[in-house]
Amino acid sequence: MLLVALALAAVVDLGAFVGVQAGGPSQGPEPQPSGAAGPGPEEVAAEVVRAVADADCADLAPLLDPAADLPYAVTSCLDGTAQPQPVDDVVAAPAEVDGDRATVRVELATGGTTSALGATLRRADGAWRLDGLAPLG
């Protein structure tokens, strides 16, 4: 477990990337505006975090804001140099949405160890895209 945490910390620039147990019941994603297509901010955040943990980022480009300053974990996953890290579960809490911006707490579970990430997202052309990712407290 320590090796997993150290590998993710080095790859992701996040001190505690692996292992979060979801706390409390999920309230589900924010309803999309009428006529909107695509996943909500919670789904985008969880999909990106899961893909980075799995080192399977071939299809992530449409979920990322092209102007974002992404952490090394995401960029190394995109360029194929990241190694998969075992994660039991990824859970996104309901998003806090302010216009075309959203923040989502993403929790990861691995063998009883817990950690959380804060994802920031931006909506452009009706689609949510990851704008930033950082460890939470």
# chains A, B, ... in the order shown; residues from 1 in each chain; ligands from 1
>>> residues_around(residues="Ala82 in chain A", least_positions_apart="5", cutoff="8 Å", atoms="only C-alpha atoms", output="PyMOL selection string")
chain A and resi 11+52+55+73+76-77
>>> write_last_selection(atoms="C-alpha atoms", output="compact mmCIF listing (two decimals), in the first residue's frame")
# COMPACT_ATOMS: atom_id res chain seq x y z
CA VAL A 11 3.03 10.66 -10.55
CA VAL A 52 -5.62 8.33 -14.42
CA ALA A 55 -3.39 4.68 -16.65
CA ALA A 73 -0.47 12.55 -13.27
CA SER A 76 1.79 11.51 -17.96
CA CYS A 77 -1.33 9.41 -18.40
>>> residues_around(residues="Arg101 in chain A", least_positions_apart="3", cutoff="6 Å", atoms="only C-alpha atoms", output="ChimeraX atom specification")
/A:97-98,121-122
>>> atom_distance(atom1="CA of Thr110 in chain A", atom2="CA of Pro71 in chain A")
21.1 Å
>>> atom_distance(atom1="CA of Leu117 in chain A", atom2="CA of Ala61 in chain A")
19.8 Å
>>> residues_around(residues="Asp131 in chain A", least_positions_apart="3", cutoff="10 Å", atoms="only C-alpha atoms", output="PyMOL selection string")
chain A and resi 45+63-70+101-103+119-123+128
>>> write_last_selection(atoms="N, CA and C atoms", output="JSON list (two decimals), in the first residue's frame")
[["chain", "number", "residue", "atom", "x", "y", "z"],
["A", 45, "ALA", "N", -15.50, 14.31, -13.59],
["A", 45, "ALA", "CA", -14.44, 14.26, -12.58],
["A", 45, "ALA", "C", -14.09, 12.82, -12.22],
["A", 63, "LEU", "N", -12.72, 15.34, -22.36],
["A", 63, "LEU", "CA", -13.16, 15.67, -21.00],
["A", 63, "LEU", "C", -12.24, 16.67, -20.31],
["A", 64, "LEU", "N", -11.20, 17.12, -21.01],
["A", 64, "LEU", "CA", -10.22, 18.03, -20.42],
["A", 64, "LEU", "C", -10.31, 19.40, -21.08],
["A", 65, "ASP", "N", -10.21, 20.44, -20.26],
["A", 65, "ASP", "CA", -10.17, 21.80, -20.78],
["A", 65, "ASP", "C", -8.80, 22.00, -21.43],
["A", 66, "PRO", "N", -8.76, 22.34, -22.72],
["A", 66, "PRO", "CA", -7.46, 22.48, -23.39],
["A", 66, "PRO", "C", -6.57, 23.56, -22.77],
["A", 67, "ALA", "N", -7.16, 24.53, -22.09],
["A", 67, "ALA", "CA", -6.37, 25.60, -21.48],
["A", 67, "ALA", "C", -5.95, 25.29, -20.05],
["A", 68, "ALA", "N", -6.35, 24.14, -19.52],
["A", 68, "ALA", "CA", -6.07, 23.80, -18.12],
["A", 68, "ALA", "C", -4.60, 23.50, -17.90],
["A", 69, "ASP", "N", -4.12, 23.87, -16.72],
["A", 69, "ASP", "CA", -2.78, 23.50, -16.27],
["A", 69, "ASP", "C", -2.96, 22.22, -15.46],
["A", 70, "LEU", "N", -2.86, 21.08, -16.12],
["A", 70, "LEU", "CA", -3.18, 19.80, -15.50],
["A", 70, "LEU", "C", -1.98, 19.25, -14.73],
["A", 101, "ARG", "N", -19.02, 27.06, -14.03],
["A", 101, "ARG", "CA", -17.92, 26.52, -13.22],
["A", 101, "ARG", "C", -18.49, 25.55, -12.21],
["A", 102, "ALA", "N", -17.74, 24.51, -11.89],
["A", 102, "ALA", "CA", -18.17, 23.55, -10.88],
["A", 102, "ALA", "C", -16.97, 23.03, -10.12],
["A", 103, "THR", "N", -17.19, 22.66, -8.87],
["A", 103, "THR", "CA", -16.19, 21.97, -8.08],
["A", 103, "THR", "C", -16.80, 20.66, -7.60],
["A", 119, "ALA", "N", -11.77, 18.54, -7.74],
["A", 119, "ALA", "CA", -11.74, 18.76, -9.18],
["A", 119, "ALA", "C", -12.48, 20.05, -9.50],
["A", 120, "THR", "N", -11.91, 20.85, -10.36],
["A", 120, "THR", "CA", -12.61, 22.03, -10.86],
["A", 120, "THR", "C", -12.91, 21.78, -12.32],
["A", 121, "LEU", "N", -14.11, 22.20, -12.72],
["A", 121, "LEU", "CA", -14.54, 21.97, -14.09],
["A", 121, "LEU", "C", -15.13, 23.24, -14.67],
["A", 122, "ARG", "N", -15.10, 23.31, -16.00],
["A", 122, "ARG", "CA", -15.65, 24.45, -16.72],
["A", 122, "ARG", "C", -16.56, 23.89, -17.81],
["A", 123, "ARG", "N", -17.71, 24.53, -17.97],
["A", 123, "ARG", "CA", -18.63, 24.12, -19.03],
["A", 123, "ARG", "C", -18.41, 25.01, -20.24],
["A", 128, "TRP", "N", -19.06, 19.65, -19.87],
["A", 128, "TRP", "CA", -18.18, 19.86, -18.72],
["A", 128, "TRP", "C", -16.80, 19.29, -19.03]]
>>> atom_distance(atom1="CA of Gly126 in chain A", atom2="CA of Val49 in chain A")
21.2 Å
>>> closest_residue(among="A:Pro94, A:Gly132, A:Gly80, A:Gly137", to="Val48 in chain A", atoms="only C-alpha atoms")
A:Gly132
>>> closest_residue(among="A:Val90, A:Val104, A:Ala51, A:Ala95", to="Leu78 in chain A", atoms="only C-alpha atoms")
A:Ala51
>>> closest_residue(among="A:Pro39, A:Gly118, A:Arg50, A:Ala127", to="Gln85 in chain A", atoms="only C-alpha atoms")
A:Arg50
>>> closest_residue(among="A:Pro62, A:Asp54, A:Val106, A:Thr113", to="Gly38 in chain A", atoms="only C-alpha atoms")
A:Pro62
>>> closest_residue(among="A:Glu42, A:Leu60, A:Pro135, A:Arg129", to="Asp79 in chain A", atoms="only C-alpha atoms")
A:Leu60
